[in-house]
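The file coords_7.tsv comes next; it holds TSV, C-alpha atoms.
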chain	number	residue	atom	x	y	z
O	416	MET	CA	0.00	0.00	0.00
O	417	HIS	CA	1.26	3.50	-0.76
O	418	GLN	CA	1.43	6.40	1.69
O	419	ARG	CA	-1.91	7.96	0.76
O	420	GLN	CA	-3.77	4.69	1.33
O	421	LEU	CA	-2.02	4.15	4.66
O	422	PHE	CA	-2.82	7.73	5.63
O	423	LEU	CA	-6.54	7.20	5.04
O	424	ARG	CA	-6.58	3.77	6.67
O	425	HIS	CA	-4.59	4.38	9.83
O	426	LEU	CA	-4.55	8.10	10.63
O	427	ALA	CA	-7.71	9.44	12.26
O	428	GLN	CA	-9.42	11.92	9.94
O	429	THR	CA	-10.85	15.27	11.02
O	430	SER	CA	-12.76	15.96	7.81
O	431	GLU	CA	-14.10	14.10	4.80
O	432	PHE	CA	-11.93	16.10	2.42
O	433	PRO	CA	-8.30	16.31	3.61
O	434	LEU	CA	-5.91	18.12	1.27
O	435	MET	CA	-3.86	14.91	0.85
O	436	LEU	CA	-0.62	16.71	0.00
O	437	GLU	CA	2.22	14.25	0.52
O	438	ILE	CA	4.96	16.43	1.98
O	439	THR	CA	8.60	15.39	1.80
O	440	ASP	CA	10.54	18.62	2.45
O	441	SER	CA	10.22	22.26	3.44
O	442	GLU	CA	12.41	25.34	3.28
O	443	GLY	CA	11.69	28.94	4.26
O	444	VAL	CA	8.23	29.91	3.00
O	445	TYR	CA	7.86	26.74	0.90
O	446	ILE	CA	6.66	23.20	1.48
O	447	ILE	CA	7.52	20.53	-1.11
O	448	ASP	CA	5.57	17.44	-2.11
O	449	LYS	CA	6.80	14.03	-3.27
O	450	SER	CA	6.82	15.11	-6.91
O	451	GLY	CA	9.12	18.02	-6.06
O	452	LYS	CA	6.40	20.62	-6.52
O	453	LYS	CA	6.88	23.68	-4.28
O	454	TYR	CA	3.98	25.41	-2.55
O	455	LEU	CA	4.29	28.95	-1.25
O	456	ASP	CA	2.88	28.57	2.27
O	457	LEU	CA	0.53	31.47	3.03
O	458	ILE	CA	-0.85	29.96	6.23
O	459	ALA	CA	2.33	28.85	8.01
O	460	GLY	CA	0.70	25.78	9.54
O	461	ILE	CA	-2.13	28.04	10.81
O	462	GLY	CA	0.16	30.69	12.26
O	463	VAL	CA	2.82	28.32	13.58
O	464	SER	CA	5.85	28.77	11.34
O	465	SER	CA	6.41	32.47	11.98
O	466	LEU	CA	10.07	32.12	11.00
O	467	GLY	CA	9.27	29.86	8.08
O	468	HIS	CA	10.08	26.19	7.81
O	469	ARG	CA	13.31	24.89	9.34
O	470	HIS	CA	14.80	28.24	10.27
O	471	PRO	CA	18.53	27.49	10.68
O	472	LYS	CA	18.80	28.94	14.19
O	473	VAL	CA	15.78	26.97	15.36
O	474	VAL	CA	17.07	23.77	13.77
O	475	GLN	CA	20.49	24.27	15.36
O	476	ALA	CA	18.92	24.82	18.78
O	477	ILE	CA	16.97	21.58	18.39
O	478	LYS	CA	20.09	19.65	17.38
O	479	ASP	CA	22.12	21.10	20.24
O	480	GLN	CA	19.45	20.15	22.79
O	481	THR	CA	19.06	16.60	21.48
O	482	ASP	CA	22.76	16.13	22.14
O	483	ARG	CA	22.21	16.96	25.82
O	484	TYR	CA	18.91	15.51	27.07
O	485	LEU	CA	15.29	14.98	26.04
O	486	HIS	CA	12.51	14.34	28.55
O	487	THR	CA	13.79	13.96	32.12
O	488	MET	CA	10.91	14.47	34.56
O	489	VAL	CA	7.39	15.90	34.63
O	490	TYR	CA	7.25	19.67	34.23
O	491	GLY	CA	8.15	21.76	37.26
O	492	GLU	CA	10.32	19.23	39.14
O	493	PHE	CA	13.83	19.68	37.71
O	494	VAL	CA	15.72	22.88	36.93
O	495	LEU	CA	16.14	22.58	33.16
O	496	SER	CA	18.06	25.28	31.35
O	497	PRO	CA	15.81	25.54	28.22
O	498	GLN	CA	12.73	26.08	30.40
O	499	VAL	CA	14.44	28.61	32.67
O	500	GLU	CA	15.98	30.61	29.83
O	501	LEU	CA	12.76	30.66	27.82
O	502	SER	CA	10.56	31.76	30.71
O	503	SER	CA	13.09	34.39	31.78
O	504	LEU	CA	13.32	35.88	28.28
O	505	LEU	CA	9.55	35.85	27.92
O	506	ALA	CA	9.18	37.72	31.22
O	507	LYS	CA	11.74	40.26	30.05
O	508	HIS	CA	9.55	41.15	27.08
O	509	LEU	CA	6.27	41.22	29.05
O	510	PRO	CA	4.86	43.68	31.61
O	511	ASP	CA	6.05	43.19	35.20
O	512	SER	CA	2.71	41.66	36.18
O	513	LEU	CA	3.21	38.81	33.70
O	514	ASP	CA	6.30	37.23	35.21
O	515	SER	CA	5.27	33.61	35.86
O	516	VAL	CA	5.16	31.19	32.94
O	517	TYR	CA	3.47	27.80	32.94
O	518	LEU	CA	4.68	25.79	29.93
O	519	VAL	CA	2.36	23.33	28.20
O	520	ASN	CA	2.17	21.48	24.87
O	521	SER	CA	-0.41	23.44	22.88
O	522	GLY	CA	-2.80	26.36	22.73
O	523	THR	CA	-5.79	24.39	23.92
O	524	GLU	CA	-3.78	23.24	26.96
O	525	ALA	CA	-2.89	26.86	27.69
O	526	THR	CA	-6.61	27.66	27.63
O	527	GLU	CA	-7.43	24.75	29.93
O	528	GLY	CA	-4.73	25.72	32.43
O	529	ALA	CA	-5.85	29.35	32.46
O	530	MET	CA	-9.48	28.37	33.04
O	531	LYS	CA	-8.49	26.26	36.04
O	532	LEU	CA	-6.24	29.02	37.35
O	533	ALA	CA	-9.03	31.60	37.15
O	534	LYS	CA	-11.46	29.35	39.02
O	535	ARG	CA	-8.91	28.54	41.70
O	536	TYR	CA	-7.78	32.14	42.22
O	537	THR	CA	-11.21	33.78	42.27
O	538	GLY	CA	-13.23	30.98	43.85
O	539	ARG	CA	-15.84	31.57	41.15
O	540	THR	CA	-17.09	29.26	38.39
O	541	GLU	CA	-18.76	31.41	35.73
O	542	MET	CA	-16.82	32.50	32.67
O	543	VAL	CA	-17.43	34.92	29.83
O	544	ALA	CA	-16.23	34.39	26.26
O	545	CYS	CA	-17.01	35.98	22.90
O	546	TYR	CA	-19.28	34.82	20.15
O	547	ASN	CA	-17.47	33.35	17.13
O	548	ALA	CA	-14.22	32.74	19.00
O	549	TYR	CA	-12.09	29.63	19.08
O	550	HIS	CA	-9.81	28.74	22.01
O	551	GLY	CA	-9.23	25.01	21.43
O	552	SER	CA	-11.06	21.72	21.03
O	553	THR	CA	-10.72	19.97	24.39
O	554	GLN	CA	-13.78	19.84	26.64
O	555	GLY	CA	-13.06	22.99	28.63
O	556	ALA	CA	-11.78	25.08	25.74
O	557	ALA	CA	-14.63	23.91	23.50
O	558	SER	CA	-17.09	25.01	26.20
O	559	LEU	CA	-16.05	28.59	25.46
O	560	MET	CA	-17.28	28.29	21.85
O	561	SER	CA	-20.65	29.78	20.99
O	562	ASP	CA	-21.15	27.85	17.75
O	563	ASP	CA	-23.43	24.82	18.24
O	564	TYR	CA	-22.22	23.24	15.00
O	565	PHE	CA	-18.86	22.42	16.59
O	566	THR	CA	-20.10	21.64	20.11
O	567	SER	CA	-23.59	20.12	20.09
O	568	ALA	CA	-22.32	16.58	19.45
O	569	TYR	CA	-20.16	16.73	22.60
O	570	ARG	CA	-22.54	18.11	25.19
O	571	PRO	CA	-22.84	18.44	28.08
O	572	LEU	CA	-19.89	20.80	28.22
O	573	LEU	CA	-18.89	23.03	31.12
O	574	PRO	CA	-21.78	24.96	32.65
O	575	GLY	CA	-21.68	28.64	33.54
O	576	ILE	CA	-20.30	29.95	30.23
O	577	HIS	CA	-21.81	33.23	29.02
O	578	HIS	CA	-21.13	34.93	25.71
O	579	ILE	CA	-20.74	38.52	24.64
O	580	GLU	CA	-20.38	40.19	21.26
O	581	TYR	CA	-16.82	41.29	20.59
O	582	ASN	CA	-16.54	45.09	20.23
O	583	ASP	CA	-20.01	45.62	21.76
O	584	ALA	CA	-19.60	47.51	25.03
O	585	SER	CA	-23.31	47.17	25.79
O	586	HIS	CA	-22.72	43.47	26.58
O	587	LEU	CA	-20.16	44.14	29.30
O	588	ASP	CA	-22.77	44.08	32.06
O	589	ARG	CA	-22.81	40.30	31.53
O	590	ILE	CA	-19.45	40.34	33.35
O	591	THR	CA	-20.55	40.23	37.00
O	592	THR	CA	-19.34	39.49	40.52
O	593	GLN	CA	-19.97	35.82	39.71
O	594	THR	CA	-17.50	35.90	36.79
O	595	ALA	CA	-14.19	34.17	37.35
O	596	CYS	CA	-12.68	35.34	34.07
O	597	VAL	CA	-13.26	36.83	30.66
O	598	VAL	CA	-11.48	34.86	27.92
O	599	MET	CA	-11.00	36.96	24.81
O	600	GLU	CA	-8.77	37.08	21.75
O	601	THR	CA	-6.91	40.36	21.48
O	602	VAL	CA	-7.71	40.22	17.77
O	603	GLN	CA	-10.48	37.79	16.83
O	604	ALA	CA	-9.29	35.16	14.38
O	605	GLU	CA	-11.84	32.61	13.20
O	606	CYS	CA	-14.60	35.11	12.49
O	607	GLY	CA	-12.31	36.46	9.75
O	608	ILE	CA	-9.95	38.92	11.54
O	609	GLN	CA	-11.67	41.48	13.73
O	610	LYS	CA	-9.62	44.08	15.57
O	611	PRO	CA	-10.83	45.92	18.68
O	612	VAL	CA	-12.24	49.41	18.10
O	613	ASN	CA	-13.29	52.39	20.24
O	614	ASP	CA	-11.06	51.43	23.18
O	615	TYR	CA	-13.04	48.22	23.54
O	616	LEU	CA	-10.28	46.31	25.33
O	617	LYS	CA	-9.83	49.15	27.82
O	618	LYS	CA	-13.55	49.00	28.57
O	619	VAL	CA	-13.34	45.24	29.13
O	620	ARG	CA	-10.34	45.75	31.43
O	621	GLN	CA	-12.24	48.39	33.41
O	622	ARG	CA	-15.29	46.15	33.80
O	623	CYS	CA	-13.16	43.21	34.96
O	624	ASP	CA	-11.51	45.46	37.54
O	625	GLU	CA	-14.91	46.65	38.78
O	626	VAL	CA	-16.11	43.11	39.53
O	627	ASP	CA	-12.71	41.53	40.37
O	628	ALA	CA	-12.81	39.15	37.41
O	629	LEU	CA	-9.60	38.07	35.70
O	630	LEU	CA	-8.99	39.15	32.11
O	631	ILE	CA	-7.45	36.46	29.88
O	632	PHE	CA	-6.09	37.46	26.48
O	633	ASP	CA	-5.75	34.63	23.99
O	634	GLU	CA	-2.79	35.48	21.75
O	635	ILE	CA	-2.30	31.93	20.54
O	636	GLN	CA	-2.63	33.21	16.97
O	637	ALA	CA	-2.10	36.96	17.45
O	638	GLY	CA	1.17	36.70	19.37
O	639	TYR	CA	4.80	36.45	18.32
O	640	GLY	CA	4.81	39.34	15.86
O	641	ARG	CA	1.83	38.37	13.74
O	642	THR	CA	0.08	41.75	14.16
O	643	GLY	CA	3.18	43.96	14.06
O	644	SER	CA	4.29	43.82	17.69
O	645	LEU	CA	5.65	40.90	19.67
O	646	PHE	CA	2.37	40.75	21.58
O	647	ALA	CA	-0.78	42.29	20.13
O	648	PHE	CA	-2.08	43.68	23.44
O	649	ARG	CA	0.87	46.12	23.49
O	650	GLN	CA	-0.84	48.03	20.67
O	651	TYR	CA	-3.93	48.70	22.78
O	652	ASP	CA	-2.36	49.74	26.10
O	653	VAL	CA	-4.19	47.04	28.06
O	654	VAL	CA	-2.52	44.35	30.16
O	655	PRO	CA	-4.33	41.05	30.86
O	656	ASP	CA	-4.15	39.08	34.09
O	657	ILE	CA	-3.37	35.92	32.12
O	658	LEU	CA	-1.87	35.62	28.64
O	659	LEU	CA	-2.23	32.55	26.39
O	660	LEU	CA	0.53	31.69	23.92
O	661	ALA	CA	1.31	28.84	21.50
O	662	LYS	CA	1.47	28.39	17.67
O	663	GLY	CA	4.24	30.80	16.58
O	664	MET	CA	5.99	30.34	19.91
O	665	GLY	CA	7.89	27.17	19.01
O	666	GLY	CA	9.27	27.84	15.55
O	667	GLY	CA	7.54	24.68	14.35
O	668	MET	CA	7.82	22.62	17.54
O	669	PRO	CA	4.80	21.92	19.81
O	670	ILE	CA	4.66	24.25	22.81
O	671	GLY	CA	2.26	26.61	24.57
O	672	ALA	CA	2.08	28.65	27.75
O	673	PHE	CA	-0.21	30.54	30.05
O	674	VAL	CA	1.46	33.48	31.76
O	675	SER	CA	0.36	35.40	34.83
O	676	SER	CA	1.74	36.98	38.00
O	677	LYS	CA	3.57	35.02	40.68
O	678	GLU	CA	0.73	35.85	43.06
O	679	ILE	CA	-2.00	34.44	40.84
O	680	MET	CA	0.00	31.46	39.58
O	681	SER	CA	1.04	30.43	43.08
O	682	VAL	CA	-2.44	29.13	43.91
O	683	LEU	CA	-1.79	26.07	41.71
O	684	SER	CA	0.80	24.87	44.22
O	685	PHE	CA	-1.47	24.33	47.25
O	686	ASN	CA	-5.02	23.29	48.17
O	687	PRO	CA	-4.50	21.03	46.33
O	688	LEU	CA	-0.83	20.36	45.92
O	689	LEU	CA	-0.04	19.85	42.21
O	690	GLY	CA	-3.11	21.82	41.20
O	691	HIS	CA	-2.14	21.60	37.55
O	692	ILE	CA	0.38	19.12	36.18
O	693	THR	CA	1.70	18.08	32.78
O	694	THR	CA	4.16	15.37	31.78
O	695	PHE	CA	5.50	16.75	28.51
O	696	GLY	CA	4.78	20.46	28.97
O	697	GLY	CA	8.00	22.42	28.69
O	698	HIS	CA	9.75	19.64	26.80
O	699	PRO	CA	13.44	20.63	26.60
O	700	VAL	CA	13.63	20.36	22.80
O	701	SER	CA	10.50	22.44	22.29
O	702	CYS	CA	11.77	25.00	24.79
O	703	ALA	CA	15.12	25.19	22.99
O	704	ALA	CA	13.30	25.83	19.71
O	705	ALA	CA	11.03	28.40	21.35
O	706	LEU	CA	13.99	30.18	22.92
O	707	ALA	CA	15.75	30.40	19.54
O	708	THR	CA	12.52	31.66	17.94
O	709	LEU	CA	12.07	34.39	20.52
O	710	LYS	CA	15.69	35.49	20.18
O	711	VAL	CA	15.39	35.77	16.40
O	712	LEU	CA	12.13	37.71	16.60
O	713	THR	CA	13.47	40.17	19.18
O	714	ASN	CA	16.96	40.60	17.73
O	715	GLU	CA	16.20	40.78	14.01
O	716	ASN	CA	13.95	43.05	11.95
O	717	TYR	CA	11.07	40.76	10.95
O	718	ILE	CA	8.45	42.25	13.28
O	719	ASN	CA	9.37	45.80	12.28
O	720	GLU	CA	8.65	44.85	8.66
O	721	VAL	CA	5.20	43.38	9.30
O	722	LEU	CA	3.13	46.52	8.74
O	723	ARG	CA	4.96	47.42	5.53
O	724	LYS	CA	4.45	43.90	4.18
O	725	GLU	CA	0.80	44.04	5.24
O	726	ALA	CA	0.37	47.20	3.17
O	727	LEU	CA	1.99	45.55	0.15
O	728	PHE	CA	-0.45	42.62	0.32
O	729	VAL	CA	-3.42	45.00	0.54
O	730	GLU	CA	-2.11	47.13	-2.34
O	731	LEU	CA	-1.63	44.15	-4.65
O	732	LEU	CA	-4.78	42.19	-3.82
O	733	GLN	CA	-7.18	44.25	-5.89
O	734	HIS	CA	-9.90	42.44	-7.84
O	735	PRO	CA	-13.62	43.03	-8.50
O	736	LYS	CA	-14.41	39.68	-6.83
O	737	ILE	CA	-12.69	40.74	-3.57
O	738	LYS	CA	-15.30	42.44	-1.39
O	739	THR	CA	-12.97	43.56	1.38
O	740	ILE	CA	-9.71	42.67	3.13
O	741	ARG	CA	-9.66	42.73	6.92
O	742	HIS	CA	-6.13	42.70	8.24
O	743	ALA	CA	-4.04	42.88	11.40
O	744	GLY	CA	-0.44	42.77	10.27
O	745	LEU	CA	0.50	39.65	8.31
O	746	TRP	CA	-2.88	38.16	9.14
O	747	MET	CA	-5.69	38.76	6.68
O	748	ALA	CA	-9.17	37.71	5.68
O	749	VAL	CA	-9.87	38.21	1.97
O	750	GLU	CA	-13.64	38.22	1.61
O	751	LEU	CA	-15.08	36.64	-1.52
O	752	ARG	CA	-18.56	35.64	-2.67
O	753	ASP	CA	-19.40	32.50	-0.69
O	754	PHE	CA	-18.04	29.21	0.64
O	755	ASP	CA	-18.17	27.36	-2.68
O	756	PHE	CA	-16.29	30.13	-4.47
O	757	VAL	CA	-13.66	30.25	-1.68
O	758	GLN	CA	-13.12	26.50	-1.95
O	759	LEU	CA	-12.70	26.79	-5.71
O	760	VAL	CA	-10.13	29.57	-5.27
O	761	ILE	CA	-8.27	27.48	-2.68
O	762	LYS	CA	-8.17	24.56	-5.15
O	763	HIS	CA	-6.84	26.73	-7.96
O	764	CYS	CA	-4.25	28.25	-5.61
O	765	LEU	CA	-3.08	24.73	-4.78
O	766	ASP	CA	-2.83	23.87	-8.49
O	767	LEU	CA	-0.74	27.02	-8.99
O	768	GLY	CA	1.59	26.23	-6.10
O	769	LEU	CA	0.17	28.23	-3.21
O	770	LEU	CA	-1.35	27.06	0.07
O	771	THR	CA	-4.15	29.06	1.66
O	772	ASP	CA	-7.22	28.24	3.77
O	773	TRP	CA	-10.49	29.56	5.21
O	774	PHE	CA	-11.88	30.40	8.68
O	775	LEU	CA	-14.02	28.33	11.04
O	776	PHE	CA	-16.68	30.99	11.56
O	777	ASN	CA	-16.35	32.87	8.28
O	778	ASP	CA	-16.26	30.49	5.36
O	779	CYS	CA	-16.44	33.16	2.65
O	780	CYS	CA	-12.92	34.46	3.40
O	781	LEU	CA	-9.47	33.29	2.36
O	782	ARG	CA	-6.96	33.09	5.21
O	783	ILE	CA	-3.57	34.72	4.73
O	784	ALA	CA	-1.01	34.29	7.52
O	785	PRO	CA	2.40	33.71	5.96
O	786	PRO	CA	5.72	33.29	7.73
O	787	LEU	CA	6.97	36.70	8.87
O	788	ILE	CA	10.13	36.12	6.85
O	789	ILE	CA	8.24	36.34	3.54
O	790	SER	CA	10.02	38.66	1.09
O	791	ASP	CA	8.51	41.37	-1.09
O	792	ALA	CA	9.14	39.23	-4.17
O	793	GLU	CA	7.33	36.30	-2.55
O	794	ILE	CA	4.42	38.56	-1.58
O	795	LYS	CA	4.14	39.71	-5.20
O	796	GLN	CA	4.26	36.10	-6.38
O	797	ALA	CA	1.60	35.08	-3.85
O	798	CYS	CA	-0.76	37.91	-4.79
O	799	ALA	CA	-0.37	37.15	-8.52
O	800	ILE	CA	-1.29	33.52	-7.87
O	801	ILE	CA	-4.34	34.46	-5.79
O	802	LEU	CA	-5.60	36.85	-8.48
O	803	GLU	CA	-5.07	34.18	-11.14
O	804	ALA	CA	-6.94	31.65	-8.98
O	805	ILE	CA	-9.85	34.09	-8.62
O	806	GLU	CA	-9.92	34.52	-12.39
O	807	ARG	CA	-9.97	30.75	-12.93
O	808	ALA	CA	-12.71	30.31	-10.32
O	809	SER	CA	-14.77	33.04	-12.04
O	810	SER	CA	-14.64	31.51	-15.50
In structure tokens, what does this structure look like?
Amino acid sequence: MHQRQLFLRHLAQTSEFPLMLEITDSEGVYIIDKSGKKYLDLIAGIGVSSLGHRHPKVVQAIKDQTDRYLHTMVYGEFVLSPQVELSSLLAKHLPDSLDSVYLVNSGTEATEGAMKLAKRYTGRTEMVACYNAYHGSTQGAASLMSDDYFTSAYRPLLPGIHHIEYNDASHLDRITTQTACVVMETVQAECGIQKPVNDYLKKVRQRCDEVDALLIFDEIQAGYGRTGSLFAFRQYDVVPDILLLAKGMGGGMPIGAFVSSKEIMSVLSFNPLLGHITTFGGHPVSCAAALATLKVLTNENYINEVLRKEALFVELLQHPKIKTIRHAGLWMAVELRDFDFVQLVIKHCLDLGLLTDWFLFNDCCLRIAPPLIISDAEIKQACAIILEAIERASS
């Protein structure tokens, strides 16, 4: 049996129409299939490969760590240099109140840990999340979703979850003295890129302070330079009580984190002891890759170039079939006619050697979230392919 047959027989499927690309190599902004065809990757593994594929400094950090040790003991027991250096450098680039890092394996685990932390610290059980937001697929994280399509088959989920409309200040009275936390993306992703307006995040912060609820910003997709600053919340002059990170954090390796103050985080260490534990969270190899990623992003010019590259995409993506482009740095939603037309454009992009995607809660938009290292020439190539794909889909 060949690889595609084995893939369909033995790997659990998450949809009835997987892309079925058989990948053999990758380099920079390209992934390469078994025939040698190169695909310009405009989604970076859904925001993961912020430095592109196999960045040399990330690869070297991985190799160096594998020569020393891999897994040694469950997270939080041993003093391991990659964990210590990563958490220390993260704290250096965050506000003073975000100085305690809990390392996990993924974004959904960061969400789960933060939800437990908020309950434990406040003694409350109710939570507030936004409509059309995605924070992960495990039971707790999925409970924060408003969309019944993705959750109804798995109920009952966690009780006490209330939803508000993002950017609608009139809903903030739903945050009450019974609310443990508000979980919110700094920039909403899966609805098709929605940025906060009219000081919305400041108003949420003020309401949380009024009722002593914790504010959790999910920057699992927005973080690590995607929007033009290392962390998106820096652009809005609002500091959360807990910050969620993952995706672009690891340079292609699996890692996530929830970050808070020492005071808040300390409650996980007593009543009960080991209030939150993870075996593979903070894996030394993933931490080494994440440390190298953070060093590259903070020492080189990629983040400073994000807004200029964003403008170039917007300038070049002009077509009568494009209704609008919503964008937050190198993170865009290109709105087209409908789902079927989007899927046809995606197919033609693939034929032309470009990988793009759509959004969970906005299926009439193309997703653009390339590696931050993408060059002007590659942006021009990508835009030309997208416009050609739109033409083909229109004929």
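With distances restricted to all atoms listed in the file, O:His550 is the closest residue to Glu605 of chain O from O:Arg620, O:His550, O:Arg807, O:His486.
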Open item on the list: Calculated over only C-alpha atoms, which of the candidates O:Leu759, O:Ile783, O:Leu802, O:Ala703 has the smallest distance to Leu731 of chain O?
Closed with: O:Leu802
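Using all atoms listed in the file, the nearest neighbour of Leu751 of chain O within the list O:Lys724, O:Lys677, O:His425, O:Arg782 is O:Arg782.
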Open item on the list: With distances taken over all atoms listed in the file, which residue among O:Ala704, O:Ile692, O:Val489, O:Ile447 lies nearest Gly768 of chain O?
Closed with: O:Ile447
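With all atoms listed in the file as the basis for measurement, O:Ser701 is the residue among O:Ser701, O:Ser684, O:Thr642, O:Ser464 that approaches Gln498 of chain O most closely.
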TODO: Using only C-alpha atoms, pick whichever of O:Val494, O:Val674, O:Val612, O:Ala595 has the shortest atom-to-atom distance to Glu634 of chain O.
DONE: O:Val674
Open item on the list: Residues near Leu658 of chain O, anyone? I mean within 7 Å using all atoms listed in the file, not counting same-chain ones fewer than 6 positions away, as a ChimeraX atom specification.
Closed with: /O:631-634,673-675
TODO: Figure out the distance between atom CA of Gly460 of chain O and atom CA of Gly640 of chain O, please, to one decimal in Å.
DONE: 15.5 Å
Open item on the list: What's the separation between atom CA of Ala548 of chain O and atom CA of Gly643 of chain O, in Å to one decimal place?
Closed with: 21.3 Å
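The neighbours of Thr713 of chain O here are the residues that come within 12 Å of it, using only C-alpha atoms and leaving out any residue fewer than 4 positions away in the same chain; they are Leu466, Leu504, Leu505, Lys507, His508, Tyr639, Gly640, Ser644, Leu645, Phe646, Leu706, Ala707, Thr708, Leu709, Tyr717, Ile718 and Asn719 of chain O.
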Open item on the list: Env of segment 739-747 of chain O: 7 Å cut, atoms = all atoms listed in the file, seq-sep filter 2 positions within chain, self excluded. Answer as JSON, numbers by chain.
Closed with: {"O": [608, 641, 642, 643, 721, 722, 725, 737, 749, 750, 782, 783, 784, 785]}
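Interatomic distance, atom CA of Ser567 of chain O against atom CA of Tyr546 of chain O: 15.3 Å.
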Using the file's own x, y and z axes, so that the box edges lie along x, y and z, what centre and edge lengths in Å (one decimal) does a box around every listed atom of segment 599-603 of chain O get when 6 Å is added on each side? Give it as AutoDock Vina command-line options.
--center_x -9.0 --center_y 38.7 --center_z 20.8 --size_x 16.1 --size_y 15.4 --size_z 20.0
Show me, as a CSV table (one decimal) with C-alpha atoms, keeping the file's coordinate frame, the residues that have an atom within 6 Å of segment 622-630 of chain O when counting only C-alpha atoms, minus same-chain residues fewer than 6 positions from it.
chain,number,residue,atom,x,y,z
O,591,THR,CA,-20.6,40.2,37.0
O,592,THR,CA,-19.3,39.5,40.5
O,594,THR,CA,-17.5,35.9,36.8
O,595,ALA,CA,-14.2,34.2,37.4
O,596,CYS,CA,-12.7,35.3,34.1
O,597,VAL,CA,-13.3,36.8,30.7
O,655,PRO,CA,-4.3,41.0,30.9
O,656,ASP,CA,-4.2,39.1,34.1
- [ ] Give me the residues within 12 Å of Pro471 of chain O as an NGL selection string, counting only C-alpha atoms and dropping any in the same chain fewer than 6 places off.
- [x] :O and (442-443 or 477-478 or 666-667 or 704 or 707-708 or 711)
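Protein, DNA and RNA residues at most 6 Å from (-17.5, 33.0, 26.1), with only C-alpha atoms, are these: Val543, Ala544, Cys545, Leu559, Ile576, His577 and His578 of chain O.
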